[in-house]
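J.: Sending over target_1.cif (mmCIF, C-alpha atoms).
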data_model
loop_
_atom_site.group_PDB
_atom_site.id
_atom_site.type_symbol
_atom_site.label_atom_id
_atom_site.label_comp_id
_atom_site.auth_asym_id
_atom_site.auth_seq_id
_atom_site.Cartn_x
_atom_site.Cartn_y
_atom_site.Cartn_z
ATOM 1 C CA MET A 1 -18.085 -54.635 -18.808
ATOM 2 C CA LYS A 2 -17.095 -51.150 -17.835
ATOM 3 C CA LYS A 3 -13.422 -50.146 -17.696
ATOM 4 C CA ARG A 4 -12.974 -47.700 -14.839
ATOM 5 C CA PHE A 5 -9.803 -45.762 -14.183
ATOM 6 C CA LEU A 6 -8.873 -44.800 -10.630
ATOM 7 C CA HIS A 7 -8.320 -41.127 -11.459
ATOM 8 C CA ARG A 8 -12.018 -40.656 -12.334
ATOM 9 C CA ASN A 9 -11.177 -37.585 -14.387
ATOM 10 C CA ASP A 10 -14.535 -37.878 -16.127
ATOM 11 C CA TRP A 11 -16.454 -37.153 -12.930
ATOM 12 C CA THR A 12 -17.830 -33.638 -13.422
ATOM 13 C CA ARG A 13 -19.452 -33.444 -9.972
ATOM 14 C CA ILE A 14 -16.052 -32.561 -8.504
ATOM 15 C CA ILE A 15 -15.095 -28.924 -9.097
ATOM 16 C CA GLN A 16 -11.744 -28.902 -7.257
ATOM 17 C CA ARG A 17 -9.816 -31.884 -5.959
ATOM 18 C CA ASP A 18 -6.480 -33.243 -4.884
ATOM 19 C CA TYR A 19 -5.388 -36.634 -6.146
ATOM 20 C CA SER A 20 -2.593 -38.959 -5.127
ATOM 21 C CA ILE A 21 -1.739 -42.446 -6.350
ATOM 22 C CA GLU A 22 0.909 -44.973 -5.381
ATOM 23 C CA GLN A 23 1.826 -48.505 -6.302
ATOM 24 C CA ILE A 24 2.344 -50.660 -3.223
ATOM 25 C CA ASN A 25 3.989 -54.061 -3.113
ATOM 26 C CA ASP A 26 4.413 -55.370 0.413
ATOM 27 C CA LYS A 27 3.284 -58.347 2.477
ATOM 28 C CA ASP A 28 -0.216 -56.889 2.947
ATOM 29 C CA PHE A 29 -0.981 -55.388 -0.440
ATOM 30 C CA ASN A 30 0.114 -55.644 -4.074
ATOM 31 C CA GLY A 31 -1.475 -53.075 -6.324
ATOM 32 C CA PHE A 32 -2.459 -49.444 -6.510
ATOM 33 C CA ILE A 33 -3.984 -47.090 -3.989
ATOM 34 C CA ALA A 34 -5.455 -43.741 -4.985
ATOM 35 C CA LEU A 35 -6.979 -40.946 -2.946
ATOM 36 C CA ILE A 36 -9.392 -38.324 -4.224
ATOM 37 C CA LYS A 37 -9.889 -35.404 -1.824
ATOM 38 C CA MET A 38 -12.998 -33.566 -2.941
ATOM 39 C CA ASN A 39 -12.230 -29.988 -1.966
ATOM 40 C CA GLU A 40 -15.316 -28.617 -3.725
ATOM 41 C CA VAL A 41 -18.226 -30.404 -5.370
ATOM 42 C CA LYS A 42 -21.157 -29.071 -7.432
ATOM 43 C CA GLU A 43 -23.604 -30.744 -5.083
ATOM 44 C CA PRO A 44 -23.598 -33.514 -2.494
ATOM 45 C CA LEU A 45 -24.368 -37.061 -3.594
ATOM 46 C CA ILE A 46 -26.823 -38.821 -1.317
ATOM 47 C CA THR A 47 -27.739 -42.464 -1.681
ATOM 48 C CA GLU A 48 -30.235 -44.571 0.232
ATOM 49 C CA TYR A 49 -29.588 -47.937 1.875
ATOM 50 C CA LEU A 50 -31.965 -49.836 4.110
ATOM 51 C CA ILE A 51 -34.257 -46.763 4.273
ATOM 52 C CA LYS A 52 -31.334 -44.593 5.480
ATOM 53 C CA LYS A 53 -30.000 -41.657 3.499
ATOM 54 C CA VAL A 54 -26.202 -41.614 3.304
ATOM 55 C CA CYS A 55 -24.153 -38.729 1.907
ATOM 56 C CA ILE A 56 -21.159 -40.194 0.052
ATOM 57 C CA VAL A 57 -19.863 -37.074 -1.747
ATOM 58 C CA ASP A 58 -19.526 -33.570 -0.376
ATOM 59 C CA ASN A 59 -16.933 -30.876 0.137
ATOM 60 C CA ASN A 60 -13.780 -32.207 1.847
ATOM 61 C CA TYR A 61 -14.833 -35.856 1.553
ATOM 62 C CA LEU A 62 -12.231 -38.484 0.690
ATOM 63 C CA TRP A 63 -12.462 -41.529 -1.516
ATOM 64 C CA LEU A 64 -9.667 -44.036 -1.124
ATOM 65 C CA GLN A 65 -9.538 -46.618 -3.902
ATOM 66 C CA GLN A 66 -7.612 -49.850 -3.438
ATOM 67 C CA LEU A 67 -6.944 -51.851 -6.561
ATOM 68 C CA PRO A 68 -5.215 -55.118 -5.662
ATOM 69 C CA LEU A 69 -3.640 -56.572 -8.786
ATOM 70 C CA ASN A 70 -3.906 -60.145 -7.503
ATOM 71 C CA GLU A 71 -7.652 -60.016 -6.733
ATOM 72 C CA ASN A 72 -10.874 -59.639 -8.687
ATOM 73 C CA PHE A 73 -12.343 -56.755 -6.777
ATOM 74 C CA ALA A 74 -11.625 -53.128 -5.954
ATOM 75 C CA ILE A 75 -12.476 -51.305 -2.756
ATOM 76 C CA THR A 76 -13.544 -47.682 -2.417
ATOM 77 C CA SER A 77 -13.468 -46.475 1.181
ATOM 78 C CA MET A 78 -15.483 -43.285 1.580
ATOM 79 C CA PHE A 79 -14.751 -40.839 4.394
ATOM 80 C CA ASN A 80 -16.599 -37.694 5.468
ATOM 81 C CA GLU A 81 -14.992 -34.316 6.178
ATOM 82 C CA ASN A 82 -14.077 -35.501 9.711
ATOM 83 C CA ARG A 83 -12.220 -38.528 8.217
ATOM 84 C CA GLU A 84 -14.873 -40.919 9.577
ATOM 85 C CA ILE A 85 -15.704 -43.942 7.441
ATOM 86 C CA ILE A 86 -19.025 -43.668 5.631
ATOM 87 C CA GLN A 87 -18.879 -46.989 3.807
ATOM 88 C CA TRP A 88 -16.724 -49.502 2.000
ATOM 89 C CA TYR A 89 -17.872 -50.080 -1.578
ATOM 90 C CA ILE A 90 -16.533 -53.267 -3.155
ATOM 91 C CA ASP A 91 -16.716 -53.624 -6.931
ATOM 92 C CA ILE A 92 -16.419 -57.158 -8.274
ATOM 93 C CA THR A 93 -14.044 -57.060 -11.248
ATOM 94 C CA TYR A 94 -13.084 -59.306 -14.113
ATOM 95 C CA GLY A 95 -9.572 -57.990 -13.836
ATOM 96 C CA ASN A 96 -7.481 -55.123 -12.549
ATOM 97 C CA GLY A 97 -4.622 -53.729 -14.572
ATOM 98 C CA VAL A 98 -2.692 -50.784 -15.959
ATOM 99 C CA GLU A 99 -3.091 -49.097 -19.337
ATOM 100 C CA ASN A 100 -0.725 -46.311 -20.439
ATOM 101 C CA GLY A 101 0.447 -45.990 -16.839
ATOM 102 C CA GLU A 102 -3.099 -45.610 -15.466
ATOM 103 C CA PRO A 103 -4.588 -48.318 -13.197
ATOM 104 C CA TYR A 104 -8.068 -49.546 -14.038
ATOM 105 C CA MET A 105 -10.641 -52.173 -13.133
ATOM 106 C CA MET A 106 -12.944 -54.139 -15.421
ATOM 107 C CA ASP A 107 -16.164 -53.719 -13.470
ATOM 108 C CA LEU A 108 -18.417 -56.786 -13.472
ATOM 109 C CA PHE A 109 -21.502 -54.862 -12.260
ATOM 110 C CA LEU A 110 -21.936 -56.766 -8.974
ATOM 111 C CA ASP A 111 -21.135 -54.785 -5.788
ATOM 112 C CA ILE A 112 -21.087 -55.065 -2.015
ATOM 113 C CA VAL A 113 -21.503 -52.142 0.366
ATOM 114 C CA VAL A 114 -20.462 -52.469 3.993
ATOM 115 C CA LEU A 115 -21.558 -49.777 6.427
ATOM 116 C CA PRO A 116 -19.586 -48.972 9.599
ATOM 117 C CA THR A 117 -22.452 -50.540 11.580
ATOM 118 C CA GLY A 118 -21.585 -53.881 9.964
ATOM 119 C CA GLU A 119 -24.660 -53.896 7.738
ATOM 120 C CA ILE A 120 -24.002 -55.476 4.336
ATOM 121 C CA ILE A 121 -25.845 -54.486 1.190
ATOM 122 C CA GLU A 122 -25.647 -56.684 -1.903
ATOM 123 C CA LYS A 123 -25.994 -54.435 -4.932
ATOM 124 C CA ASP A 124 -26.635 -54.521 -8.633
ATOM 125 C CA LYS A 125 -27.589 -58.159 -9.115
ATOM 126 C CA ASP A 126 -30.167 -56.814 -11.566
ATOM 127 C CA GLU A 127 -27.401 -55.064 -13.548
ATOM 128 C CA LEU A 128 -25.459 -58.327 -13.770
ATOM 129 C CA GLU A 129 -28.591 -60.124 -15.004
ATOM 130 C CA GLU A 130 -29.144 -57.382 -17.593
ATOM 131 C CA ALA A 131 -25.509 -57.612 -18.732
ATOM 132 C CA LEU A 132 -25.887 -61.362 -19.283
ATOM 133 C CA HIS A 133 -29.264 -60.967 -20.995
ATOM 134 C CA ASN A 134 -27.852 -58.317 -23.377
ATOM 135 C CA ASN A 135 -24.697 -60.353 -24.083
ATOM 136 C CA TRP A 136 -22.446 -57.661 -22.583
ATOM 137 C CA ILE A 137 -20.847 -60.503 -20.604
ATOM 138 C CA THR A 138 -20.660 -64.252 -21.113
ATOM 139 C CA LYS A 139 -22.229 -66.909 -18.886
ATOM 140 C CA SER A 140 -18.701 -67.776 -17.761
ATOM 141 C CA GLN A 141 -18.095 -64.149 -16.690
ATOM 142 C CA TYR A 142 -21.485 -64.102 -14.954
ATOM 143 C CA ASP A 143 -20.610 -67.243 -12.977
ATOM 144 C CA PHE A 144 -17.143 -65.841 -12.225
ATOM 145 C CA ALA A 145 -18.702 -62.634 -10.815
ATOM 146 C CA TYR A 146 -20.856 -64.649 -8.406
ATOM 147 C CA ARG A 147 -17.920 -66.844 -7.373
ATOM 148 C CA VAL A 148 -15.844 -63.794 -6.433
ATOM 149 C CA PHE A 149 -18.869 -62.073 -4.865
ATOM 150 C CA ASN A 150 -19.531 -65.087 -2.615
ATOM 151 C CA GLN A 151 -15.837 -65.415 -1.676
ATOM 152 C CA VAL A 152 -15.705 -61.751 -0.623
ATOM 153 C CA LEU A 153 -18.957 -62.074 1.347
ATOM 154 C CA LYS A 154 -17.522 -65.128 3.120
ATOM 155 C CA GLN A 155 -14.388 -63.187 4.111
ATOM 156 C CA ILE A 156 -16.517 -60.289 5.353
ATOM 157 C CA HIS A 157 -18.704 -62.593 7.465
ATOM 158 C CA GLU A 158 -15.656 -64.425 8.833
ATOM 159 C CA GLY A 159 -13.899 -61.167 9.698
ATOM 160 C CA THR A 160 -10.921 -61.936 7.436
ATOM 161 C CA PHE A 161 -11.422 -59.160 4.849
ATOM 162 C CA LYS A 162 -8.149 -57.305 5.506
ATOM 163 C CA TYR A 163 -8.944 -54.244 3.412
ATOM 164 C CA TYR A 164 -10.948 -52.495 6.152
ATOM 165 C CA ASP A 165 -7.875 -51.922 8.311
ATOM 166 C CA LEU A 166 -5.693 -51.216 5.300
ATOM 167 C CA SER A 167 -8.085 -48.478 4.174
ATOM 168 C CA PHE A 168 -7.175 -46.305 7.174
ATOM 169 C CA LYS A 169 -3.460 -46.948 6.740
ATOM 170 C CA HIS A 170 -3.584 -46.227 3.002
ATOM 171 C CA ARG A 171 -5.747 -43.108 3.507
ATOM 172 C CA ASP A 172 -3.312 -41.614 5.991
ATOM 173 C CA TYR A 173 -0.327 -42.457 3.792
ATOM 174 C CA LEU A 174 -1.805 -40.740 0.725
ATOM 175 C CA LEU A 175 -3.094 -37.761 2.738
ATOM 176 C CA GLY A 176 0.534 -37.216 3.766
ATOM 177 C CA LYS A 177 1.536 -37.237 0.089
ATOM 178 C CA ILE A 178 -1.121 -34.619 -0.774
ATOM 179 C CA ARG A 179 0.094 -32.318 2.001
ATOM 180 C CA GLU A 180 3.779 -32.580 1.009
#
So, in terms of structure tokens, how does the structure I just supplied come out?
T.:
Amino acid sequence: MKKRFLHRNDWTRIIQRDYSIEQINDKDFNGFIALIKMNEVKEPLITEYLIKKVCIVDNNYLWLQQLPLNENFAITSMFNENREIIQWYIDITYGNGVENGEPYMMDLFLDIVVLPTGEIIEKDKDELEEALHNNWITKSQYDFAYRVFNQVLKQIHEGTFKYYDLSFKHRDYLLGKIRE
């Protein structure tokens, strides 16, 4: 498994950024939210889904990360320079926690991407298979990843995945903190 910290200080693509993080504990969310405002990047990052090219990193883009402590996933909501949603990227995790004051996720390889059109892309099943094959994870962790993955997909299809709406609220809250 890969331990990923929300601050993403190791990401050299970003030349200049603003960063804000808060712990939230209310009726809608218990965990950490973090916002990376990419003021300047070395080069845009373009990915391809369903034969469409999608730019997910560029100057003045925002990445909001939501790390609920009571769930086994993390959500990265990506916004363009006009604050329009590009995609929601959901990492399935073995656990979310805090180490030396820094929130992190234990990434279980399996991911879900939801585009603003409603299209859903299931990602990295091959990486999960490879992790099991190479004994980087156990069979129990493999099964756990698919259980969580299927639960999240069910919520998305049923329209009960609350993190879409929260992403806009959390983005605006942290943008206010950056400007203060």
J.: What is the distance between CA of Asp26 (chain A) and CA of Leu108 (chain A), in Å to one decimal?
T.: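 Computing it gives 26.8 Å between the two atoms.
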J.: Which residue gives the smallest distance to Lys177 (chain A) among A:Leu35, A:Ile24, A:Ile137, A:Ile90, with only C-alpha atoms counted?
T.: A:Leu35
J.: Kindly provide, as JSON, the centre and edge lengths (Å, one decimal) of an axis-aligned box around all atoms of region 34-43 of chain A given in the file, with 3 Å on each side.
T.:
{"center_x": -14.5, "center_y": -36.2, "center_z": -4.6, "size_x": 24.1, "size_y": 21.1, "size_z": 11.6}
J.: Please evaluate the PyMOL selection byres ((chain A and resi 107) around 12) against the structure above and give the resulting residues as a ChimeraX atom specification.
T.: /A:1-6,67,72-75,90-97,104-106,108-111,124,127-128,131,136-137,141-142,145
J.: Expanded to explicit residues, what is the PyMOL selection byres ((chain A and resi 66) around 12) for this file, as a compact mmCIF listing (two decimals) with C-alpha atoms, keeping the file's coordinate frame?
T.:
# COMPACT_ATOMS: atom_id res chain seq x y z
CA PHE A 5 -9.80 -45.76 -14.18
CA LEU A 6 -8.87 -44.80 -10.63
CA HIS A 7 -8.32 -41.13 -11.46
CA ILE A 21 -1.74 -42.45 -6.35
CA GLU A 22 0.91 -44.97 -5.38
CA GLN A 23 1.83 -48.50 -6.30
CA ILE A 24 2.34 -50.66 -3.22
CA PHE A 29 -0.98 -55.39 -0.44
CA ASN A 30 0.11 -55.64 -4.07
CA GLY A 31 -1.48 -53.08 -6.32
CA PHE A 32 -2.46 -49.44 -6.51
CA ILE A 33 -3.98 -47.09 -3.99
CA ALA A 34 -5.46 -43.74 -4.99
CA LEU A 35 -6.98 -40.95 -2.95
CA ILE A 36 -9.39 -38.32 -4.22
CA TRP A 63 -12.46 -41.53 -1.52
CA LEU A 64 -9.67 -44.04 -1.12
CA GLN A 65 -9.54 -46.62 -3.90
CA LEU A 67 -6.94 -51.85 -6.56
CA PRO A 68 -5.22 -55.12 -5.66
CA LEU A 69 -3.64 -56.57 -8.79
CA ASN A 70 -3.91 -60.14 -7.50
CA GLU A 71 -7.65 -60.02 -6.73
CA ASN A 72 -10.87 -59.64 -8.69
CA PHE A 73 -12.34 -56.76 -6.78
CA ALA A 74 -11.62 -53.13 -5.95
CA ILE A 75 -12.48 -51.30 -2.76
CA THR A 76 -13.54 -47.68 -2.42
CA SER A 77 -13.47 -46.48 1.18
CA MET A 78 -15.48 -43.28 1.58
CA TRP A 88 -16.72 -49.50 2.00
CA TYR A 89 -17.87 -50.08 -1.58
CA ILE A 90 -16.53 -53.27 -3.16
CA ASP A 91 -16.72 -53.62 -6.93
CA ASN A 96 -7.48 -55.12 -12.55
CA PRO A 103 -4.59 -48.32 -13.20
CA TYR A 104 -8.07 -49.55 -14.04
CA MET A 105 -10.64 -52.17 -13.13
CA LYS A 162 -8.15 -57.30 5.51
CA TYR A 163 -8.94 -54.24 3.41
CA TYR A 164 -10.95 -52.50 6.15
CA ASP A 165 -7.88 -51.92 8.31
CA LEU A 166 -5.69 -51.22 5.30
CA SER A 167 -8.09 -48.48 4.17
CA PHE A 168 -7.18 -46.30 7.17
CA LYS A 169 -3.46 -46.95 6.74
CA HIS A 170 -3.58 -46.23 3.00
CA ARG A 171 -5.75 -43.11 3.51
CA LEU A 174 -1.80 -40.74 0.72
J.: Smallest atom-to-atom distance to Ile14 (chain A): which of A:Glu122, A:Glu84, A:Glu40, A:Asp28, using only C-alpha atoms?
T.: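 Among the listed residues, A:Glu40 lies closest to Ile14 (chain A).
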J.: What is the CA of Phe79 (chain A) to CA of Asn25 (chain A) distance in Å?
T.: 24.1 Å
J.: Any chance you could work out the residue set of the PyMOL selection byres ((chain A and resi 50) around 10) here, as a list in words?
T.: Glu48, Tyr49, Ile51, Lys52, Lys53, Glu119, Ile120 and Ile121 of chain A
J.: Please measure the separation of CA of Gly176 (chain A) and CA of Arg83 (chain A), giving the value in Å to one decimal.
T.: 13.6 Å
